[in-house]
>>> print(open('final25.cif').read())   # mmCIF, C-alpha atoms
data_coords
loop_
_atom_site.group_PDB
_atom_site.id
_atom_site.type_symbol
_atom_site.label_atom_id
_atom_site.label_comp_id
_atom_site.auth_asym_id
_atom_site.auth_seq_id
_atom_site.Cartn_x
_atom_site.Cartn_y
_atom_site.Cartn_z
ATOM 1 C CA MET A 1 8.441 -7.506 -34.278
ATOM 2 C CA ASN A 2 7.000 -4.604 -32.246
ATOM 3 C CA SER A 3 4.807 -6.957 -30.230
ATOM 4 C CA ILE A 4 7.842 -9.106 -29.354
ATOM 5 C CA ILE A 5 9.824 -6.038 -28.249
ATOM 6 C CA LYS A 6 6.853 -4.803 -26.230
ATOM 7 C CA THR A 7 6.426 -8.177 -24.544
ATOM 8 C CA SER A 8 10.115 -8.261 -23.696
ATOM 9 C CA ALA A 9 9.977 -4.738 -22.269
ATOM 10 C CA GLU A 10 6.937 -5.623 -20.214
ATOM 11 C CA ARG A 11 8.711 -8.690 -18.870
ATOM 12 C CA VAL A 12 11.705 -6.592 -17.778
ATOM 13 C CA SER A 13 9.363 -4.045 -16.227
ATOM 14 C CA ASP A 14 7.428 -6.673 -14.291
ATOM 15 C CA ASN A 15 10.596 -8.433 -13.125
ATOM 16 C CA PHE A 16 11.991 -5.158 -11.802
ATOM 17 C CA ALA A 17 8.722 -4.356 -10.025
ATOM 18 C CA TYR A 18 8.655 -7.812 -8.464
ATOM 19 C CA SER A 19 12.306 -7.686 -7.381
ATOM 20 C CA MET A 20 11.774 -4.315 -5.687
ATOM 21 C CA THR A 21 8.759 -5.743 -3.891
ATOM 22 C CA LYS A 22 10.795 -8.676 -2.582
ATOM 23 C CA PHE A 23 13.588 -6.310 -1.538
ATOM 24 C CA PHE A 24 11.231 -4.171 0.547
ATOM 25 C CA ARG A 25 9.589 -7.307 1.956
ATOM 26 C CA PHE A 26 13.014 -8.581 3.033
ATOM 27 C CA ILE A 27 13.721 -5.317 4.862
ATOM 28 C CA ALA A 28 10.359 -5.436 6.631
ATOM 29 C CA ASP A 29 10.829 -9.086 7.596
ATOM 30 C CA SER A 30 14.356 -8.436 8.885
ATOM 31 C CA PHE A 31 13.448 -5.380 10.929
ATOM 32 C CA PHE A 32 10.083 -6.382 12.357
ATOM 33 C CA LEU A 33 10.111 -10.197 12.261
ATOM 34 C CA LYS A 34 6.644 -11.243 13.554
ATOM 35 C CA ARG A 35 5.753 -7.877 15.116
ATOM 36 C CA TYR A 36 2.905 -7.344 12.664
ATOM 37 C CA GLY A 37 1.394 -4.346 14.408
ATOM 38 C CA HIS A 38 4.646 -2.389 14.194
ATOM 39 C CA ARG A 39 5.276 -3.659 10.670
ATOM 40 C CA ALA A 40 1.832 -2.380 9.672
ATOM 41 C CA VAL A 41 2.664 1.110 10.950
ATOM 42 C CA VAL A 42 5.761 1.426 8.738
ATOM 43 C CA LEU A 43 4.257 -0.304 5.710
ATOM 44 C CA GLU A 44 1.068 1.754 5.818
ATOM 45 C CA THR A 45 3.132 4.935 6.051
ATOM 46 C CA VAL A 46 4.899 3.941 2.841
ATOM 47 C CA ALA A 47 1.655 2.641 1.309
ATOM 48 C CA GLY A 48 0.093 6.086 1.646
ATOM 49 C CA VAL A 49 2.662 7.546 -0.753
ATOM 50 C CA PRO A 50 1.890 5.964 -4.182
ATOM 51 C CA GLY A 51 -1.761 6.960 -4.429
ATOM 52 C CA MET A 52 -0.986 10.566 -3.527
ATOM 53 C CA VAL A 53 1.960 10.768 -5.922
ATOM 54 C CA ALA A 54 -0.087 9.225 -8.749
ATOM 55 C CA GLY A 55 -3.164 11.359 -8.057
ATOM 56 C CA VAL A 56 -1.232 14.627 -7.915
ATOM 57 C CA TRP A 57 0.808 13.753 -11.017
ATOM 58 C CA MET A 58 -2.363 12.883 -12.937
ATOM 59 C CA HIS A 59 -3.902 16.157 -11.760
ATOM 60 C CA PHE A 60 -1.026 18.198 -13.155
ATOM 61 C CA LYS A 61 -0.995 16.088 -16.313
ATOM 62 C CA SER A 62 -4.656 16.942 -16.832
ATOM 63 C CA LEU A 63 -3.902 20.645 -16.353
ATOM 64 C CA ARG A 64 -0.888 20.489 -18.657
ATOM 65 C CA LYS A 65 -2.735 18.700 -21.453
ATOM 66 C CA MET A 66 -5.969 20.638 -20.755
ATOM 67 C CA LYS A 67 -7.959 17.391 -20.896
ATOM 68 C CA ALA A 68 -10.718 16.372 -18.497
ATOM 69 C CA GLY A 69 -10.431 12.604 -18.912
ATOM 70 C CA TYR A 70 -8.323 11.964 -15.821
ATOM 71 C CA GLY A 71 -10.951 12.690 -13.186
ATOM 72 C CA GLU A 72 -11.874 9.109 -12.326
ATOM 73 C CA GLN A 73 -8.237 8.007 -12.092
ATOM 74 C CA ILE A 74 -7.327 11.011 -9.932
ATOM 75 C CA ARG A 75 -10.167 10.289 -7.516
ATOM 76 C CA GLU A 76 -9.270 6.580 -7.412
ATOM 77 C CA MET A 77 -5.620 7.257 -6.565
ATOM 78 C CA LEU A 78 -6.364 9.944 -3.964
ATOM 79 C CA SER A 79 -8.985 7.688 -2.398
ATOM 80 C CA GLU A 80 -6.390 4.920 -2.196
ATOM 81 C CA ALA A 81 -3.937 7.280 -0.471
ATOM 82 C CA GLU A 82 -6.591 8.349 2.048
ATOM 83 C CA ASN A 83 -7.533 4.745 2.724
ATOM 84 C CA GLU A 84 -3.912 3.827 3.424
ATOM 85 C CA ARG A 85 -3.588 6.872 5.691
ATOM 86 C CA MET A 86 -6.518 5.618 7.730
ATOM 87 C CA HIS A 87 -4.896 2.179 8.008
ATOM 88 C CA LEU A 88 -1.889 3.914 9.537
ATOM 89 C CA MET A 89 -4.093 5.721 12.060
ATOM 90 C CA PHE A 90 -5.659 2.414 13.142
ATOM 91 C CA PHE A 91 -2.366 0.621 13.695
ATOM 92 C CA ILE A 92 -0.710 3.536 15.459
ATOM 93 C CA GLU A 93 -3.365 3.101 18.161
ATOM 94 C CA ILE A 94 -2.616 -0.623 18.341
ATOM 95 C CA ALA A 95 1.192 -0.732 18.058
ATOM 96 C CA LYS A 96 2.070 2.608 19.681
ATOM 97 C CA PRO A 97 5.451 2.997 17.882
ATOM 98 C CA ASN A 98 8.443 4.229 19.873
ATOM 99 C CA LEU A 99 10.732 7.092 18.853
ATOM 100 C CA ILE A 100 13.084 4.888 16.819
ATOM 101 C CA GLU A 101 10.185 3.387 14.881
ATOM 102 C CA ARG A 102 8.726 6.849 14.283
ATOM 103 C CA PHE A 103 12.076 7.923 12.844
ATOM 104 C CA VAL A 104 12.124 4.831 10.617
ATOM 105 C CA VAL A 105 8.607 5.758 9.468
ATOM 106 C CA LEU A 106 9.597 9.306 8.508
ATOM 107 C CA PHE A 107 12.853 8.231 6.865
ATOM 108 C CA SER A 108 11.134 5.448 4.913
ATOM 109 C CA GLN A 109 8.416 7.815 3.752
ATOM 110 C CA LEU A 110 10.934 10.382 2.513
ATOM 111 C CA LEU A 111 13.101 7.893 0.643
ATOM 112 C CA PHE A 112 10.225 5.967 -0.862
ATOM 113 C CA GLY A 113 8.375 9.167 -1.785
ATOM 114 C CA LEU A 114 11.309 10.404 -3.865
ATOM 115 C CA PHE A 115 11.907 6.980 -5.381
ATOM 116 C CA TYR A 116 8.255 6.514 -6.338
ATOM 117 C CA LEU A 117 7.940 10.009 -7.786
ATOM 118 C CA PHE A 118 10.865 9.241 -10.103
ATOM 119 C CA MET A 119 9.352 5.867 -10.988
ATOM 120 C CA TYR A 120 5.917 7.305 -11.687
ATOM 121 C CA ILE A 121 7.171 10.112 -13.916
ATOM 122 C CA PHE A 122 9.471 7.977 -16.057
ATOM 123 C CA PHE A 123 8.181 4.406 -15.681
ATOM 124 C CA THR A 124 4.471 4.716 -14.926
ATOM 125 C CA ARG A 125 3.537 1.171 -15.900
ATOM 126 C CA THR A 126 6.298 -0.305 -13.750
ATOM 127 C CA ALA A 127 5.271 1.924 -10.857
ATOM 128 C CA HIS A 128 1.688 0.652 -10.939
ATOM 129 C CA ARG A 129 2.840 -2.950 -11.307
ATOM 130 C CA MET A 130 5.175 -2.566 -8.333
ATOM 131 C CA ILE A 131 2.354 -1.255 -6.147
ATOM 132 C CA GLY A 132 0.161 -4.103 -7.342
ATOM 133 C CA TYR A 133 2.840 -6.504 -6.094
ATOM 134 C CA PHE A 134 3.229 -4.482 -2.883
ATOM 135 C CA GLU A 135 -0.474 -4.861 -2.228
ATOM 136 C CA ASP A 136 -0.282 -8.603 -2.934
ATOM 137 C CA GLU A 137 2.394 -8.804 -0.240
ATOM 138 C CA ALA A 138 0.222 -6.730 2.080
ATOM 139 C CA VAL A 139 -2.647 -9.197 1.623
ATOM 140 C CA SER A 140 -0.245 -12.017 2.472
ATOM 141 C CA SER A 141 1.107 -10.182 5.541
ATOM 142 C CA TYR A 142 -2.342 -9.396 6.877
ATOM 143 C CA SER A 143 -3.386 -13.017 6.329
ATOM 144 C CA GLU A 144 -0.408 -14.114 8.448
ATOM 145 C CA TYR A 145 -1.286 -11.491 11.055
ATOM 146 C CA LEU A 146 -4.890 -12.732 11.124
ATOM 147 C CA LYS A 147 -3.751 -16.339 11.643
ATOM 148 C CA MET A 148 -1.677 -15.278 14.639
ATOM 149 C CA VAL A 149 -4.623 -13.412 16.140
ATOM 150 C CA GLU A 150 -7.087 -16.235 15.536
ATOM 151 C CA SER A 151 -4.664 -18.822 16.944
ATOM 152 C CA GLY A 152 -4.213 -16.816 20.132
ATOM 153 C CA LYS A 153 -0.524 -15.978 19.536
ATOM 154 C CA VAL A 154 -1.532 -12.300 19.359
ATOM 155 C CA GLU A 155 -4.243 -10.970 21.650
ATOM 156 C CA ASN A 156 -7.493 -10.235 19.820
ATOM 157 C CA ILE A 157 -7.938 -6.832 21.417
ATOM 158 C CA PRO A 158 -10.914 -4.527 20.740
ATOM 159 C CA ALA A 159 -10.671 -2.673 17.438
ATOM 160 C CA PRO A 160 -9.853 1.038 17.775
ATOM 161 C CA HIS A 161 -12.899 3.289 17.892
ATOM 162 C CA LEU A 162 -11.662 5.122 14.781
ATOM 163 C CA ALA A 163 -11.656 1.853 12.829
ATOM 164 C CA ILE A 164 -15.117 0.906 14.103
ATOM 165 C CA LYS A 165 -16.458 4.245 12.895
ATOM 166 C CA TYR A 166 -14.604 4.127 9.561
ATOM 167 C CA TYR A 167 -15.743 0.625 8.638
ATOM 168 C CA GLN A 168 -19.103 0.896 10.405
ATOM 169 C CA LEU A 169 -18.366 -2.175 12.502
ATOM 170 C CA GLY A 170 -20.222 -3.318 15.575
ATOM 171 C CA ALA A 171 -19.229 -1.817 18.910
ATOM 172 C CA ASP A 172 -17.774 -5.182 19.948
ATOM 173 C CA ALA A 173 -15.482 -5.479 16.872
ATOM 174 C CA ARG A 174 -12.053 -6.963 17.530
ATOM 175 C CA LEU A 175 -8.616 -6.744 15.958
ATOM 176 C CA SER A 176 -9.432 -9.749 13.746
ATOM 177 C CA ASP A 177 -12.396 -7.855 12.257
ATOM 178 C CA LEU A 178 -10.181 -4.859 11.534
ATOM 179 C CA ILE A 179 -7.518 -6.995 9.854
ATOM 180 C CA LYS A 180 -10.141 -8.547 7.571
ATOM 181 C CA CYS A 181 -11.363 -5.095 6.521
ATOM 182 C CA VAL A 182 -7.848 -3.783 5.908
ATOM 183 C CA ARG A 183 -6.913 -6.915 3.967
ATOM 184 C CA ALA A 184 -9.963 -6.435 1.720
ATOM 185 C CA ASP A 185 -8.866 -2.840 1.049
ATOM 186 C CA GLU A 186 -5.387 -4.029 0.094
ATOM 187 C CA GLN A 187 -6.851 -6.621 -2.267
ATOM 188 C CA HIS A 188 -8.848 -3.885 -3.989
ATOM 189 C CA HIS A 189 -5.744 -1.684 -4.309
ATOM 190 C CA SER A 190 -3.858 -4.630 -5.802
ATOM 191 C CA GLU A 191 -6.517 -5.180 -8.444
ATOM 192 C CA THR A 192 -6.644 -1.464 -9.272
ATOM 193 C CA ASN A 193 -2.890 -1.053 -9.741
ATOM 194 C CA HIS A 194 -2.471 -4.275 -11.703
ATOM 195 C CA SER A 195 -5.325 -3.123 -13.939
ATOM 196 C CA TYR A 196 -3.648 0.243 -14.579
ATOM 197 C CA ALA A 197 -0.360 -1.526 -15.350
ATOM 198 C CA ASN A 198 -2.116 -3.880 -17.776
ATOM 199 C CA ASN A 199 -3.630 -0.948 -19.663
ATOM 200 C CA PHE A 200 -0.342 0.862 -20.321
#
>>> encode(input="final25.cif", output="structure tokens")
Amino acid sequence: MNSIIKTSAERVSDNFAYSMTKFFRFIADSFFLKRYGHRAVVLETVAGVPGMVAGVWMHFKSLRKMKAGYGEQIREMLSEAENERMHLMFFIEIAKPNLIERFVVLFSQLLFGLFYLFMYIFFTRTAHRMIGYFEDEAVSSYSEYLKMVESGKVENIPAPHLAIKYYQLGADARLSDLIKCVRADEQHHSETNHSYANNF
């Protein structure tokens, strides 16, 4: 009986996480269409929120419970947040967002930050599952972006120096090389968050 109820609850949780992912994807698609560089700026701003929220919440949970077993998870989540922050820095150099887009970035970050904090405190499993789905969508978006670059529809400009240094790429690295590195990061974040969700 309990296992059936648990399975049902998990199904509801996963469906909600997936529906929220599709909702945010619809907004991004509607606002940015095929402008993947600008889309990346906004999405990476939002993507930098979950890891920080989760890491800080786990930190305080460890202090509150006076248990040391959260260290690896805290480091993983904070590392994820830092990685997403660096993605934002790369694409700001490429897309050079205007004032309206910068406002959208700040507004999106504020709204999503509050929403995710609520989700993480009260529905931790769902929160991790949602970010797992978000990262799956990010992998898909970067794959589409890469196709446009490789087909010549988007100029394969030199990768920003910051990205070359961060990923230890060759001096002649291009945008396509950067996208592949960022996509690999997003795949790792997807696996991490789905794993956390599976273990709740």
>>> residues_around(input="final25.cif", residues="stretch 76-93 of chain A", least_positions_apart="3", cutoff="6 Å", atoms="only C-alpha atoms", output="list in words")
Val41, Glu44, Gly48, Gly51, Met52, Gly55, Gln73 and Lys96 of chain A
>>> atom_distance(input="final25.cif", atom1="atom CA of A:Met58", atom2="atom CA of A:Ser195")
16.3 Å
>>> resolve_selection(input="final25.cif", expression="the PyMOL selection byres ((chain A and resi 197) around 10)", output="PyMOL selection string")
chain A and resi 10+14+124-132+191-196+198-200
>>> residues_near_point(input="final25.cif", point="(-10.5, -11.5, 14.1)", cutoff="10 Å", atoms="all atoms listed in the file", output="list in words")
Tyr145, Leu146, Lys147, Met148, Val149, Glu150, Ser151, Glu155, Asn156, Ile157, Pro158, Ala159, Ala173, Arg174, Leu175, Ser176, Asp177, Leu178, Ile179, Lys180 and Cys181 of chain A
>>> resolve_selection(input="final25.cif", expression="the PyMOL selection byres ((chain A and resi 42) around 8)", output="JSON, numbers by chain")
{"A": [38, 39, 40, 41, 43, 44, 45, 46, 101, 104, 105, 108]}
>>> closest_residue(input="final25.cif", among="A:Val154, A:Leu162, A:Val12, A:Val139", to="A:Val182", atoms="all atoms listed in the file")
A:Val139
>>> closest_residue(input="final25.cif", among="A:Tyr116, A:Phe134, A:Phe122, A:Phe107", to="A:Glu186", atoms="only C-alpha atoms")
A:Phe134
>>> decode(input="final25.cif", residues="stretch 36-68 of chain A", atoms="N, CA and C atoms", output="CSV table (one decimal), in the first residue's frame")
chain,number,residue,atom,x,y,z
A,36,TYR,N,20.0,32.2,-29.9
A,36,TYR,CA,20.5,31.3,-28.9
A,36,TYR,C,21.5,31.9,-28.0
A,37,GLY,N,22.3,32.9,-28.5
A,37,GLY,CA,23.3,33.6,-27.6
A,37,GLY,C,22.6,34.4,-26.5
A,38,HIS,N,21.5,35.1,-26.9
A,38,HIS,CA,20.7,35.9,-25.9
A,38,HIS,C,19.9,35.0,-25.0
A,39,ARG,N,19.4,33.9,-25.6
A,39,ARG,CA,18.7,32.9,-24.8
A,39,ARG,C,19.6,32.3,-23.7
A,40,ALA,N,20.8,32.1,-24.1
A,40,ALA,CA,21.8,31.5,-23.1
A,40,ALA,C,22.1,32.4,-22.0
A,41,VAL,N,22.1,33.7,-22.2
A,41,VAL,CA,22.4,34.7,-21.2
A,41,VAL,C,21.3,34.6,-20.1
A,42,VAL,N,20.0,34.6,-20.5
A,42,VAL,CA,18.9,34.6,-19.6
A,42,VAL,C,18.9,33.2,-18.9
A,43,LEU,N,19.0,32.2,-19.6
A,43,LEU,CA,18.8,30.8,-19.1
A,43,LEU,C,20.0,30.5,-18.1
A,44,GLU,N,21.2,31.0,-18.4
A,44,GLU,CA,22.3,30.7,-17.5
A,44,GLU,C,22.2,31.6,-16.2
A,45,THR,N,21.6,32.7,-16.4
A,45,THR,CA,21.3,33.5,-15.1
A,45,THR,C,20.4,32.8,-14.2
A,46,VAL,N,19.3,32.2,-14.7
A,46,VAL,CA,18.4,31.4,-13.9
A,46,VAL,C,19.1,30.1,-13.5
A,47,ALA,N,19.9,29.5,-14.4
A,47,ALA,CA,20.5,28.3,-14.0
A,47,ALA,C,21.5,28.4,-12.9
A,48,GLY,N,22.0,29.6,-12.6
A,48,GLY,CA,22.9,29.8,-11.5
A,48,GLY,C,22.3,29.8,-10.2
A,49,VAL,N,20.9,29.8,-10.1
A,49,VAL,CA,20.2,30.0,-8.9
A,49,VAL,C,20.1,28.6,-8.1
A,50,PRO,N,19.6,27.5,-8.8
A,50,PRO,CA,19.4,26.3,-8.0
A,50,PRO,C,20.5,25.7,-7.2
A,51,GLY,N,21.7,25.7,-7.8
A,51,GLY,CA,22.8,25.1,-7.1
A,51,GLY,C,23.2,26.0,-5.8
A,52,MET,N,23.1,27.3,-6.0
A,52,MET,CA,23.4,28.1,-4.8
A,52,MET,C,22.3,28.0,-3.7
A,53,VAL,N,21.1,28.0,-4.1
A,53,VAL,CA,20.0,27.8,-3.2
A,53,VAL,C,20.1,26.4,-2.4
A,54,ALA,N,20.4,25.4,-3.2
A,54,ALA,CA,20.5,24.0,-2.6
A,54,ALA,C,21.7,23.9,-1.7
A,55,GLY,N,22.8,24.5,-2.2
A,55,GLY,CA,24.1,24.4,-1.4
A,55,GLY,C,23.9,25.2,-0.1
A,56,VAL,N,23.4,26.4,-0.1
A,56,VAL,CA,23.2,27.2,1.1
A,56,VAL,C,22.2,26.5,2.0
A,57,TRP,N,21.1,26.0,1.5
A,57,TRP,CA,20.1,25.3,2.3
A,57,TRP,C,20.7,24.1,3.0
A,58,MET,N,21.5,23.3,2.3
A,58,MET,CA,22.1,22.1,2.8
A,58,MET,C,23.1,22.6,3.9
A,59,HIS,N,23.8,23.7,3.7
A,59,HIS,CA,24.8,24.2,4.7
A,59,HIS,C,24.1,24.5,6.0
A,60,PHE,N,23.0,25.2,5.9
A,60,PHE,CA,22.2,25.5,7.1
A,60,PHE,C,21.6,24.3,7.8
A,61,LYS,N,21.2,23.3,6.9
A,61,LYS,CA,20.6,22.1,7.4
A,61,LYS,C,21.7,21.3,8.2
A,62,SER,N,22.9,21.3,7.7
A,62,SER,CA,24.0,20.7,8.4
A,62,SER,C,24.2,21.3,9.8
A,63,LEU,N,24.2,22.7,9.8
A,63,LEU,CA,24.4,23.4,11.0
A,63,LEU,C,23.3,23.1,12.0
A,64,ARG,N,22.1,23.1,11.5
A,64,ARG,CA,20.9,22.9,12.4
A,64,ARG,C,20.9,21.6,13.0
A,65,LYS,N,21.2,20.5,12.2
A,65,LYS,CA,21.2,19.2,12.7
A,65,LYS,C,22.5,18.8,13.3
A,66,MET,N,23.5,19.6,13.2
A,66,MET,CA,24.8,19.4,13.8
A,66,MET,C,25.4,18.1,13.3
A,67,LYS,N,25.2,17.8,11.9
A,67,LYS,CA,25.8,16.6,11.3
A,67,LYS,C,26.7,17.0,10.2
A,68,ALA,N,27.8,16.3,10.0
A,68,ALA,CA,28.8,16.6,9.0
A,68,ALA,C,28.6,15.9,7.7
